[in-house]
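Peer 1: Shown below is the structure under consideration.
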Amino acid sequence: MTETVRYMDRTRDYYRALGYPSDYVWSRFDTVPFVPLAKPLSEARIGLVTTASPPNLGNRDVSGKRQVWSGAVSPAPAKLFTDNLAWDKESTHTDDRASFLPIEAVQHWAAEGLVGGVAARFHGVPTEYSQRKTMEIDAPQVLARLRADGADAALLSPL
């Protein structure tokens, strides 16, 4: 029988093992601007957001820090870089890009009329331990890109 790995507990243990003086503080966003859709989902253009990196790791700045990046939905990328991210690598893999960036599924929903369409680009968000960078730099960049793409809603598919 496989034992379930509790992500929050595992992260706390990991931080303690690294010698941090206090546990990781999970983000809270009591004022996040989630709002009801202004139109029916069947008319809404969906933007996709992932935490994977481009295959060439081209989302690094000159100091090597990961940045927000964007890629074309069509043609869908065959593979993205995920080796720098943490997941249960004994139980699963990331060879199936559609499992964490479901471009084809959303395109299928659009063809069936469940959603109005798919934005032309998807966006990659770096996984950072800096809540400040995420809130002040990365999130506004992703929002601006989604708006530039005409997205009415975003499907977040973190790995």
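Numbering starts fresh at 1 for the residues of each chain in the structure tokens, the chains themselves are lettered A, B, ... in the order given, and ligands are numbered from 1 as they appear.
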Find the residues around region 142-151 of chain A up to 12 Å (only C-alpha atoms counted), leave out those fewer than 5 positions away in its own chain, and share them as a ChimeraX atom specification.

Peer 2: /A:33-34,37-39,41,43-51,67-73,115-126,134-137,156

Peer 1: Using only C-alpha atoms, which protein or nucleic acid residues come within 12 Å of Leu57 (chain A)? Drop anything in the same chain fewer than 2 positions from it, and give the result as a count of residues only.

Peer 2: 21

Peer 1: Glu104 (chain A): which residues within 10 Å, counting only C-alpha atoms, same-chain residues fewer than 2 positions away excluded, as a PyMOL selection string?

Peer 2: chain A and resi 73-74+76+98+101-102+106-110+118

Peer 1: Kindly export the residues of the current selection with N, CA and C atoms, as a compact mmCIF listing (two decimals), in the first residue's frame.

Peer 2:
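Contents of part18.txt, as written:
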```txt
# COMPACT_ATOMS: atom_id res chain seq x y z
N VAL A 73 0.29 28.57 -28.26
CA VAL A 73 -0.60 27.43 -28.07
C VAL A 73 -0.57 26.53 -29.31
N SER A 74 -0.39 27.14 -30.48
CA SER A 74 -0.37 26.38 -31.72
C SER A 74 0.89 26.73 -32.51
N ALA A 76 1.24 23.31 -30.27
CA ALA A 76 1.49 23.05 -28.85
C ALA A 76 2.90 22.50 -28.66
N ALA A 98 0.43 17.37 -21.64
CA ALA A 98 -0.99 17.71 -21.52
C ALA A 98 -1.51 17.53 -20.10
N LEU A 101 -0.30 21.07 -18.79
CA LEU A 101 -0.61 22.19 -19.67
C LEU A 101 -1.61 21.67 -20.70
N PRO A 102 -2.90 21.65 -20.34
CA PRO A 102 -3.92 20.95 -21.13
C PRO A 102 -4.45 21.73 -22.33
N VAL A 106 -8.55 22.06 -23.65
CA VAL A 106 -9.29 23.32 -23.74
C VAL A 106 -9.70 23.59 -25.19
N GLN A 107 -8.85 23.23 -26.14
CA GLN A 107 -9.24 23.36 -27.55
C GLN A 107 -10.45 22.48 -27.86
N HIS A 108 -10.47 21.28 -27.29
CA HIS A 108 -11.61 20.37 -27.46
C HIS A 108 -12.88 20.99 -26.86
N TRP A 109 -12.74 21.57 -25.67
CA TRP A 109 -13.89 22.23 -25.03
C TRP A 109 -14.41 23.36 -25.92
N ALA A 110 -13.47 24.10 -26.53
CA ALA A 110 -13.88 25.19 -27.42
C ALA A 110 -14.62 24.63 -28.64
N VAL A 118 -9.59 29.61 -26.95
CA VAL A 118 -8.32 29.51 -26.21
C VAL A 118 -7.46 30.69 -26.65
```

Peer 1: Got a sec: who's within 12 Å of region 17-27 of chain A, counting only C-alpha atoms, leaving out chain neighbours fewer than 4 positions off, as a PyMOL selection string?

Peer 2: chain A and resi 7-13+31-32+128-132+134-135

Peer 1: For the residues in that selection, give me all heavy atoms as a CSV table (one decimal), in the first residue's frame.

Peer 2:
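New file out28.csv:
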```csv
chain,number,residue,atom,x,y,z
A,7,TYR,N,1.9,17.2,1.3
A,7,TYR,CA,2.7,18.2,0.7
A,7,TYR,C,3.1,19.3,1.7
A,7,TYR,O,4.2,19.7,1.8
A,7,TYR,CB,2.0,18.9,-0.5
A,7,TYR,CG,2.8,20.0,-1.2
A,7,TYR,CD1,3.9,19.7,-2.0
A,7,TYR,CD2,2.5,21.3,-1.0
A,7,TYR,CE1,4.6,20.7,-2.6
A,7,TYR,CE2,3.2,22.3,-1.5
A,7,TYR,CZ,4.3,22.0,-2.4
A,7,TYR,OH,5.0,23.0,-2.9
A,8,MET,N,2.1,19.8,2.5
A,8,MET,CA,2.4,20.9,3.4
A,8,MET,C,3.4,20.4,4.5
A,8,MET,O,4.4,21.1,4.8
A,8,MET,CB,1.1,21.4,4.1
A,8,MET,CG,0.1,21.9,3.1
A,8,MET,SD,0.6,23.5,2.5
A,8,MET,CE,-0.9,24.3,2.6
A,9,ASP,N,3.2,19.2,5.0
A,9,ASP,CA,4.1,18.6,6.0
A,9,ASP,C,5.5,18.4,5.4
A,9,ASP,O,6.5,18.7,6.1
A,9,ASP,CB,3.5,17.3,6.6
A,9,ASP,CG,2.3,17.5,7.4
A,9,ASP,OD1,2.0,18.6,7.9
A,9,ASP,OD2,1.5,16.5,7.5
A,10,ARG,N,5.5,17.9,4.2
A,10,ARG,CA,6.8,17.6,3.5
A,10,ARG,C,7.6,18.9,3.3
A,10,ARG,O,8.8,19.0,3.5
A,10,ARG,CB,6.5,17.0,2.2
A,10,ARG,CG,7.8,16.5,1.6
A,10,ARG,CD,7.5,15.7,0.3
A,10,ARG,NE,8.0,16.6,-0.8
A,10,ARG,CZ,7.7,16.5,-2.0
A,10,ARG,NH1,6.9,15.5,-2.4
A,10,ARG,NH2,8.2,17.3,-2.9
A,11,THR,N,6.9,20.0,3.0
A,11,THR,CA,7.5,21.3,2.8
A,11,THR,C,8.1,21.8,4.1
A,11,THR,O,9.2,22.3,4.1
A,11,THR,CB,6.5,22.3,2.1
A,11,THR,OG1,6.1,21.7,0.9
A,11,THR,CG2,7.2,23.6,1.9
A,12,ARG,N,7.3,21.7,5.1
A,12,ARG,CA,7.7,22.2,6.5
A,12,ARG,C,9.0,21.4,6.9
A,12,ARG,O,10.0,22.0,7.3
A,12,ARG,CB,6.7,22.0,7.5
A,12,ARG,CG,5.6,23.1,7.5
A,12,ARG,CD,4.7,23.0,8.7
A,12,ARG,NE,3.5,23.8,8.4
A,12,ARG,CZ,2.3,23.3,7.9
A,12,ARG,NH1,2.2,22.0,7.7
A,12,ARG,NH2,1.3,24.1,7.7
A,13,ASP,N,9.0,20.1,6.7
A,13,ASP,CA,10.1,19.3,7.1
A,13,ASP,C,11.3,19.6,6.2
A,13,ASP,O,12.5,19.7,6.7
A,13,ASP,CB,9.8,17.8,6.9
A,13,ASP,CG,8.8,17.3,7.9
A,13,ASP,OD1,8.5,18.0,8.9
A,13,ASP,OD2,8.2,16.2,7.6
A,31,THR,N,-7.6,39.5,-0.7
A,31,THR,CA,-8.2,40.5,-1.6
A,31,THR,C,-7.9,40.2,-3.0
A,31,THR,O,-7.8,41.1,-3.9
A,31,THR,CB,-7.7,41.9,-1.2
A,31,THR,OG1,-6.2,41.9,-1.4
A,31,THR,CG2,-8.0,42.3,0.2
A,32,VAL,N,-7.7,38.9,-3.4
A,32,VAL,CA,-7.4,38.5,-4.8
A,32,VAL,C,-8.6,38.9,-5.6
A,32,VAL,O,-9.7,38.7,-5.2
A,32,VAL,CB,-7.1,37.0,-4.9
A,32,VAL,CG1,-7.1,36.6,-6.3
A,32,VAL,CG2,-5.8,36.7,-4.2
A,128,GLU,N,8.6,30.3,-7.1
A,128,GLU,CA,9.6,31.0,-6.3
A,128,GLU,C,9.3,30.9,-4.9
A,128,GLU,O,8.1,30.7,-4.5
A,128,GLU,CB,9.6,32.5,-6.7
A,128,GLU,CG,9.9,32.8,-8.1
A,128,GLU,CD,11.4,32.7,-8.5
A,128,GLU,OE1,12.2,32.6,-7.5
A,128,GLU,OE2,11.7,32.7,-9.6
A,129,TYR,N,10.3,31.0,-4.1
A,129,TYR,CA,10.0,31.0,-2.6
A,129,TYR,C,9.8,32.5,-2.1
A,129,TYR,O,9.7,32.7,-1.0
A,129,TYR,CB,11.2,30.4,-1.9
A,129,TYR,CG,11.3,28.9,-2.2
A,129,TYR,CD1,12.3,28.4,-2.9
A,129,TYR,CD2,10.3,28.1,-1.8
A,129,TYR,CE1,12.4,27.0,-3.2
A,129,TYR,CE2,10.3,26.7,-2.1
A,129,TYR,CZ,11.4,26.2,-2.8
A,129,TYR,OH,11.4,24.9,-3.1
A,130,SER,N,9.8,33.4,-3.0
A,130,SER,CA,9.6,34.8,-2.7
A,130,SER,C,8.2,35.2,-3.0
A,130,SER,O,7.8,35.4,-4.1
A,130,SER,CB,10.6,35.7,-3.5
A,130,SER,OG,10.2,37.1,-3.3
A,131,GLN,N,7.4,35.4,-1.9
A,131,GLN,CA,6.0,35.8,-2.1
A,131,GLN,C,6.0,37.3,-2.6
A,131,GLN,O,5.2,37.6,-3.4
A,131,GLN,CB,5.3,35.8,-0.7
A,131,GLN,CG,5.1,34.4,-0.3
A,131,GLN,CD,4.4,34.3,1.0
A,131,GLN,OE1,3.6,35.2,1.4
A,131,GLN,NE2,4.6,33.2,1.8
A,132,ARG,N,7.0,38.1,-2.2
A,132,ARG,CA,7.1,39.4,-2.7
A,132,ARG,C,7.3,39.5,-4.2
A,132,ARG,O,6.5,40.1,-4.9
A,132,ARG,CB,8.3,40.2,-2.1
A,132,ARG,CG,8.3,41.7,-2.5
A,132,ARG,CD,9.7,42.3,-2.3
A,132,ARG,NE,10.8,41.5,-3.0
A,132,ARG,CZ,11.0,41.6,-4.3
A,132,ARG,NH1,10.3,42.3,-5.1
A,132,ARG,NH2,12.0,40.9,-4.8
A,134,THR,N,6.5,37.1,-6.4
A,134,THR,CA,5.3,36.5,-7.0
A,134,THR,C,4.2,37.6,-7.1
A,134,THR,O,3.6,37.8,-8.1
A,134,THR,CB,4.9,35.3,-6.2
A,134,THR,OG1,5.9,34.3,-6.3
A,134,THR,CG2,3.6,34.7,-6.8
A,135,MET,N,4.0,38.3,-5.9
A,135,MET,CA,2.9,39.2,-5.9
A,135,MET,C,3.2,40.5,-6.6
A,135,MET,O,2.3,41.1,-7.2
A,135,MET,CB,2.5,39.5,-4.4
A,135,MET,CG,1.9,38.3,-3.7
A,135,MET,SD,1.5,38.6,-2.0
A,135,MET,CE,0.2,39.8,-2.2
```

Peer 1: What's the separation between CA of Asp138 (chain A) and CA of Ile103 (chain A), in Å to one decimal place?

Peer 2: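 Computing it gives 21.7 Å between the two atoms.
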
Peer 1: Among chain A, which ones does DSSP place in helix (DSSP H, G or I), written as number ranges by chain?

Peer 2: A: 7-17, 41-43, 97-99, 103-112, 131-148

Peer 1: Quick check, in Å to one decimal: how far apart do CA of Ala153 (chain A) and CA of Ala139 (chain A) lie?

Peer 2: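 Taking CA of Ala153 (chain A) as the start and CA of Ala139 (chain A) as the end point, the length is 14.3 Å.
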
Peer 1: Can you list every residue in region 61-122 of chain A that DSSP puts in strand (DSSP E or B), as number ranges by chain?

Peer 2: A: 66, 69-72, 81, 117-122
